[in-house]
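Novice: Just one file: my_file-v5.pdb, with PDB, C-alpha atoms.
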ATOM      1  CA  MET A   1     -16.775-116.700-229.084
ATOM      2  CA  ALA A   2     -13.828-114.331-229.305
ATOM      3  CA  ALA A   3     -14.515-110.641-228.956
ATOM      4  CA  ARG A   4     -12.554-107.745-230.420
ATOM      5  CA  ILE A   5     -11.423-105.529-227.541
ATOM      6  CA  LEU A   6      -9.667-102.163-227.603
ATOM      7  CA  ILE A   7      -7.383-101.273-224.725
ATOM      8  CA  ALA A   8      -6.734 -97.546-224.978
ATOM      9  CA  TYR A   9      -4.321 -96.046-222.487
ATOM     10  CA  ALA A  10      -2.658 -92.781-221.575
ATOM     11  CA  THR A  11       0.807 -92.755-220.042
ATOM     12  CA  ARG A  12       3.474 -90.274-219.074
ATOM     13  CA  LYS A  13       6.404 -92.440-218.027
ATOM     14  CA  GLY A  14       5.420 -95.824-219.499
ATOM     15  CA  SER A  15       4.066 -97.580-216.403
ATOM     16  CA  THR A  16       0.408 -97.429-217.482
ATOM     17  CA  ALA A  17       1.361 -98.607-220.972
ATOM     18  CA  GLU A  18       2.984-101.667-219.391
ATOM     19  CA  VAL A  19      -0.155-102.380-217.364
ATOM     20  CA  ALA A  20      -2.303-101.990-220.509
ATOM     21  CA  GLY A  21      -0.022-104.450-222.282
ATOM     22  CA  ALA A  22      -0.379-106.965-219.445
ATOM     23  CA  VAL A  23      -4.191-106.659-219.587
ATOM     24  CA  GLY A  24      -4.015-107.161-223.353
ATOM     25  CA  LYS A  25      -1.874-110.306-223.039
ATOM     26  CA  GLU A  26      -4.309-111.771-220.531
ATOM     27  CA  LEU A  27      -7.283-111.140-222.839
ATOM     28  CA  GLN A  28      -5.375-112.507-225.845
ATOM     29  CA  SER A  29      -4.514-115.672-223.943
ATOM     30  CA  ALA A  30      -8.251-116.113-223.371
ATOM     31  CA  GLY A  31      -8.707-116.093-227.151
ATOM     32  CA  HIS A  32      -9.844-112.518-227.751
ATOM     33  CA  ASP A  33      -8.667-110.235-230.552
ATOM     34  CA  VAL A  34      -7.026-107.333-228.704
ATOM     35  CA  VAL A  35      -5.656-103.999-229.863
ATOM     36  CA  VAL A  36      -3.571-102.048-227.327
ATOM     37  CA  SER A  37      -3.134 -98.411-228.319
ATOM     38  CA  ASP A  38      -2.284 -94.996-226.915
ATOM     39  CA  MET A  39      -5.537 -93.030-226.523
ATOM     40  CA  LYS A  40      -4.163 -90.189-228.606
ATOM     41  CA  THR A  41      -3.770 -92.440-231.658
ATOM     42  CA  VAL A  42      -7.273 -93.969-231.597
ATOM     43  CA  THR A  43      -9.433 -92.639-234.441
ATOM     44  CA  SER A  44     -12.498 -94.883-234.214
ATOM     45  CA  LEU A  45     -14.123 -97.508-232.014
ATOM     46  CA  GLU A  46     -15.838 -99.170-234.972
ATOM     47  CA  GLY A  47     -15.428-102.933-235.009
ATOM     48  CA  PHE A  48     -14.695-103.260-231.295
ATOM     49  CA  ASP A  49     -17.052-105.242-229.071
ATOM     50  CA  GLY A  50     -15.697-103.722-225.863
ATOM     51  CA  VAL A  51     -13.322-101.043-224.658
ATOM     52  CA  VAL A  52     -10.880-100.945-221.746
ATOM     53  CA  LEU A  53      -9.504 -97.527-220.810
ATOM     54  CA  GLY A  54      -6.438 -97.027-218.642
ATOM     55  CA  ALA A  55      -4.655 -93.936-217.402
ATOM     56  CA  PRO A  56      -2.392 -92.745-214.624
ATOM     57  CA  VAL A  57      -3.600 -90.652-211.705
ATOM     58  CA  TYR A  58      -1.553 -87.550-210.984
ATOM     59  CA  MET A  59      -2.533 -85.237-208.134
ATOM     60  CA  HIS A  60      -6.033 -86.744-207.915
ATOM     61  CA  LYS A  61      -6.681 -86.350-211.654
ATOM     62  CA  VAL A  62      -6.997 -89.134-214.215
ATOM     63  CA  ILE A  63      -5.119 -87.875-217.264
ATOM     64  CA  GLU A  64      -6.621 -88.002-220.781
ATOM     65  CA  MET A  65      -9.488 -90.402-220.008
ATOM     66  CA  GLY A  66     -12.162 -87.688-219.816
ATOM     67  CA  LYS A  67     -11.042 -86.216-223.137
ATOM     68  CA  PHE A  68     -11.182 -89.654-224.749
ATOM     69  CA  ALA A  69     -14.671 -90.319-223.341
ATOM     70  CA  LYS A  70     -15.941 -86.975-224.673
ATOM     71  CA  ARG A  71     -14.361 -87.503-228.085
ATOM     72  CA  PHE A  72     -15.974 -90.952-228.446
ATOM     73  CA  ARG A  73     -19.151 -90.312-226.440
ATOM     74  CA  GLU A  74     -21.495 -91.624-229.147
ATOM     75  CA  GLU A  75     -19.375 -94.662-230.033
ATOM     76  CA  LEU A  76     -18.898 -95.646-226.377
ATOM     77  CA  GLY A  77     -22.654 -95.526-225.755
ATOM     78  CA  PRO A  78     -23.586 -99.104-226.716
ATOM     79  CA  LYS A  79     -20.252-100.736-225.837
ATOM     80  CA  PRO A  80     -19.245-102.238-222.503
ATOM     81  CA  VAL A  81     -16.418-100.175-221.031
ATOM     82  CA  ALA A  82     -14.030-101.098-218.220
ATOM     83  CA  VAL A  83     -11.583 -98.621-216.710
ATOM     84  CA  PHE A  84      -8.388 -98.804-214.720
ATOM     85  CA  ALA A  85      -5.996 -96.268-213.306
ATOM     86  CA  VAL A  86      -2.460 -96.554-212.066
ATOM     87  CA  GLY A  87      -1.410 -94.448-209.116
ATOM     88  CA  MET A  88      -0.110 -94.515-205.595
ATOM     89  CA  ALA A  89      -3.425 -94.552-203.700
ATOM     90  CA  PRO A  90      -3.423 -98.371-203.278
ATOM     91  CA  VAL A  91      -0.181 -98.178-201.278
ATOM     92  CA  SER A  92      -0.965 -94.891-199.567
ATOM     93  CA  LYS A  93      -1.433 -94.693-195.841
ATOM     94  CA  LYS A  94      -3.985 -91.882-196.199
ATOM     95  CA  PRO A  95      -7.506 -92.962-195.179
ATOM     96  CA  GLY A  96     -10.083 -92.782-197.949
ATOM     97  CA  GLU A  97      -7.538 -92.260-200.722
ATOM     98  CA  VAL A  98      -8.441 -95.435-202.654
ATOM     99  CA  GLU A  99     -12.180 -94.737-202.420
ATOM    100  CA  GLY A 100     -11.678 -91.131-203.493
ATOM    101  CA  GLU A 101      -9.565 -91.977-206.499
ATOM    102  CA  THR A 102     -11.901 -94.815-207.500
ATOM    103  CA  LYS A 103     -14.791 -92.305-207.583
ATOM    104  CA  ILE A 104     -12.682 -89.891-209.634
ATOM    105  CA  LEU A 105     -11.855 -92.729-212.041
ATOM    106  CA  SER A 106     -15.496 -93.789-212.494
ATOM    107  CA  ALA A 107     -16.587 -90.174-212.975
ATOM    108  CA  SER A 108     -13.926 -89.580-215.637
ATOM    109  CA  ILE A 109     -16.051 -91.259-218.324
ATOM    110  CA  THR A 110     -19.426 -89.806-217.306
ATOM    111  CA  PRO A 111     -22.155 -90.279-218.462
ATOM    112  CA  LYS A 112     -20.971 -93.802-219.305
ATOM    113  CA  ASN A 113     -20.980 -96.214-216.360
ATOM    114  CA  PRO A 114     -18.047 -98.626-216.444
ATOM    115  CA  VAL A 115     -18.755-102.343-216.033
ATOM    116  CA  SER A 116     -15.553-102.726-214.044
ATOM    117  CA  VAL A 117     -13.270-100.254-212.260
ATOM    118  CA  ALA A 118      -9.778-100.993-210.940
ATOM    119  CA  LEU A 119      -7.149 -98.879-209.265
ATOM    120  CA  PHE A 120      -3.676-100.407-209.367
ATOM    121  CA  ALA A 121      -0.559 -99.329-207.519
ATOM    122  CA  GLY A 122       1.986 -97.785-209.835
ATOM    123  CA  LYS A 123       5.645 -97.090-210.165
ATOM    124  CA  VAL A 124       7.535 -94.003-209.025
ATOM    125  CA  ASP A 125      11.017 -93.682-210.492
ATOM    126  CA  PRO A 126      12.521 -90.250-209.716
ATOM    127  CA  ALA A 127      15.195 -90.856-212.360
ATOM    128  CA  GLN A 128      12.449 -90.359-214.985
ATOM    129  CA  PHE A 129      11.270 -87.043-213.523
ATOM    130  CA  ASN A 130      12.359 -83.530-214.284
ATOM    131  CA  PHE A 131      13.896 -81.399-211.526
ATOM    132  CA  LEU A 132      10.562 -79.934-210.385
ATOM    133  CA  MET A 133       8.834 -83.327-210.151
ATOM    134  CA  ARG A 134      11.783 -84.795-208.215
ATOM    135  CA  ARG A 135      11.516 -81.911-205.740
ATOM    136  CA  MET A 136       7.773 -82.540-205.329
ATOM    137  CA  VAL A 137       8.382 -86.240-204.658
ATOM    138  CA  GLU A 138      11.016 -85.327-202.073
ATOM    139  CA  ALA A 139       8.887 -82.613-200.435
ATOM    140  CA  GLU A 140       5.856 -84.885-200.142
ATOM    141  CA  LYS A 141       8.035 -87.783-199.001
ATOM    142  CA  SER A 142       6.341 -89.869-201.677
ATOM    143  CA  MET A 143       6.950 -93.583-201.825
ATOM    144  CA  VAL A 144       9.485 -94.534-204.461
ATOM    145  CA  GLY A 145       9.636 -97.879-206.270
ATOM    146  CA  ASP A 146       7.605-100.263-208.409
ATOM    147  CA  PHE A 147       4.449-101.238-206.539
ATOM    148  CA  ARG A 148       2.523-102.816-209.426
ATOM    149  CA  ASP A 149       0.871-106.097-208.478
ATOM    150  CA  TRP A 150       1.003-108.118-211.702
ATOM    151  CA  ASP A 151      -1.102-110.942-210.211
ATOM    152  CA  ALA A 152      -3.901-108.515-209.301
ATOM    153  CA  ILE A 153      -3.735-106.964-212.772
ATOM    154  CA  ALA A 154      -3.958-110.413-214.422
ATOM    155  CA  ALA A 155      -6.864-111.450-212.178
ATOM    156  CA  TRP A 156      -8.805-108.285-213.040
ATOM    157  CA  ALA A 157      -8.154-108.806-216.763
ATOM    158  CA  LYS A 158      -9.310-112.462-216.597
ATOM    159  CA  ASP A 159     -12.688-111.344-215.211
ATOM    160  CA  LEU A 160     -13.252-108.659-217.845
ATOM    161  CA  PRO A 161     -14.879-110.706-220.629
ATOM    162  CA  GLU A 162     -17.584-111.952-218.261
ATOM    163  CA  LYS A 163     -18.155-108.486-216.762
ATOM    164  CA  MET A 164     -18.290-107.008-220.260
ATOM    165  CA  GLY A 165     -20.718-109.677-221.448
ATOM    166  CA  LEU A 166     -18.286-110.818-224.136
TER
END
Go ahead and express the file in the form of structure tokens.
Specialist:
Amino acid sequence: MAARILIAYATRKGSTAEVAGAVGKELQSAGHDVVVSDMKTVTSLEGFDGVVLGAPVYMHKVIEMGKFAKRFREELGPKPVAVFAVGMAPVSKKPGEVEGETKILSASITPKNPVSVALFAGKVDPAQFNFLMRRMVEAEKSMVGDFRDWDAIAAWAKDLPEKMGL
């Protein structure tokens, strides 16, 4: 039976929106009714059987997700919720970075426990940054490029209905 699923995302430069869209396409191809929307435009969770939240990670903070979870605390209560974040931890060479950011991601919707948590590598395009952000990327010798693994994103999305009990 097809479920109605909301994919609410936050994005700064569009990369997370593209990942949310890919998750939505995967769920639609499995026969579900999917709405993909910027978190800031969501006004109600009524009528949705499950919710997927996605946001980028900047400087070890998941943007907007905590605000969304607080705003819809009551409505999220009975619904299965899956979360994903897009950041550079998956391609980082720093030990413990993935585990640390995964914990931050899970905690961002407390007290709700997500049924599935994913951290995907993102995209760093200095051409989209302002002067200050470009300087930070240079100073930190950050990796630059598109590191998103579309196969991993699709595989995670395919497993969601079962994990969400839908």
Novice: Expanded to explicit residues, what is the PyMOL selection byres ((chain A and resi 89-102) around 8) for this file, as a JSON list (two decimals) with C-alpha atoms, in the frame of the given file?
Specialist:
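Generated output (result25.json):
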[["chain", "number", "residue", "atom", "x", "y", "z"],
["A", 60, "HIS", "CA", -6.03, -86.74, -207.92],
["A", 87, "GLY", "CA", -1.41, -94.45, -209.12],
["A", 88, "MET", "CA", -0.11, -94.52, -205.60],
["A", 103, "LYS", "CA", -14.79, -92.30, -207.58],
["A", 104, "ILE", "CA", -12.68, -89.89, -209.63],
["A", 105, "LEU", "CA", -11.86, -92.73, -212.04],
["A", 106, "SER", "CA", -15.50, -93.79, -212.49],
["A", 117, "VAL", "CA", -13.27, -100.25, -212.26],
["A", 118, "ALA", "CA", -9.78, -100.99, -210.94],
["A", 119, "LEU", "CA", -7.15, -98.88, -209.26],
["A", 120, "PHE", "CA", -3.68, -100.41, -209.37],
["A", 121, "ALA", "CA", -0.56, -99.33, -207.52],
["A", 147, "PHE", "CA", 4.45, -101.24, -206.54]]
Novice: Let me make sure I understand: among A:Leu76, A:Gly145, A:Glu162, A:Ile5, which one has the smallest atom-to-atom distance to Lys25 (chain A) if we use only C-alpha atoms?
Specialist: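 For Lys25 (chain A), the nearest of the candidates is A:Ile5.
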Novice: So how many Å separate CA of Asp49 (chain A) and CA of Ala22 (chain A), to one decimal?
Specialist: 19.3 Å
Novice: Using only C-alpha atoms, which residue out of A:Asp151, A:Asp38, A:Glu46, A:Glu26 lies closest to Ile7 (chain A)?
Specialist: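 That would be A:Asp38, the residue with the smallest distance to Ile7 (chain A).
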Novice: Evaluating the PyMOL selection byres ((chain A and resi 166) around 10) on the displayed file yields which residues, as a ChimeraX atom specification?
Specialist: /A:1-5,32,49-50,80,160-165
Novice: Go through the shown structure with the PyMOL selection byres ((chain A and resi 13-20) around 7) and write out the matching residues as a list in words.
Specialist: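 Going through the file, the PyMOL selection byres ((chain A and resi 13-20) around 7) ends up selecting Ile7, Tyr9, Ala10, Thr11, Arg12, Gly21, Ala22, Val23, Gly24, Val36, Gly54, Ala55, Pro56, Val86, Gly122 and Lys123 of chain A.
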Novice: What's the separation between CA of Met65 (chain A) and CA of Leu53 (chain A), in Å to one decimal place?
Specialist: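 We find that CA of Met65 (chain A) and CA of Leu53 (chain A) lie 7.2 Å from each other.
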Novice: Find the distance between CA of Ala30 (chain A) and CA of Asp146 (chain A) and write it in Å to one decimal.
Specialist: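 Going from CA of Ala30 (chain A) over to CA of Asp146 (chain A), I get 27.0 Å.
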Novice: Considering only C-alpha atoms, state which residue in the set A:Leu132, A:Met39, A:Ala107, A:Val115 is at the smallest distance from Arg71 (chain A).
Specialist: A:Met39
Novice: Taking every listed atom of region 91-110 of chain A and adding 3 Å to each side, what centre and edge lengths in Å (one decimal) does the axis-aligned box have, as lines of an AutoDock Vina configuration file?
Specialist:
center_x = -9.8
center_y = -93.9
center_z = -206.8
size_x = 25.2
size_y = 14.6
size_z = 29.1
Novice: Considering only C-alpha atoms, state which residue in the set A:Leu6, A:Ile63, A:Lys112, A:Gln128 is at the smallest distance from Gly77 (chain A).
Specialist: A:Lys112
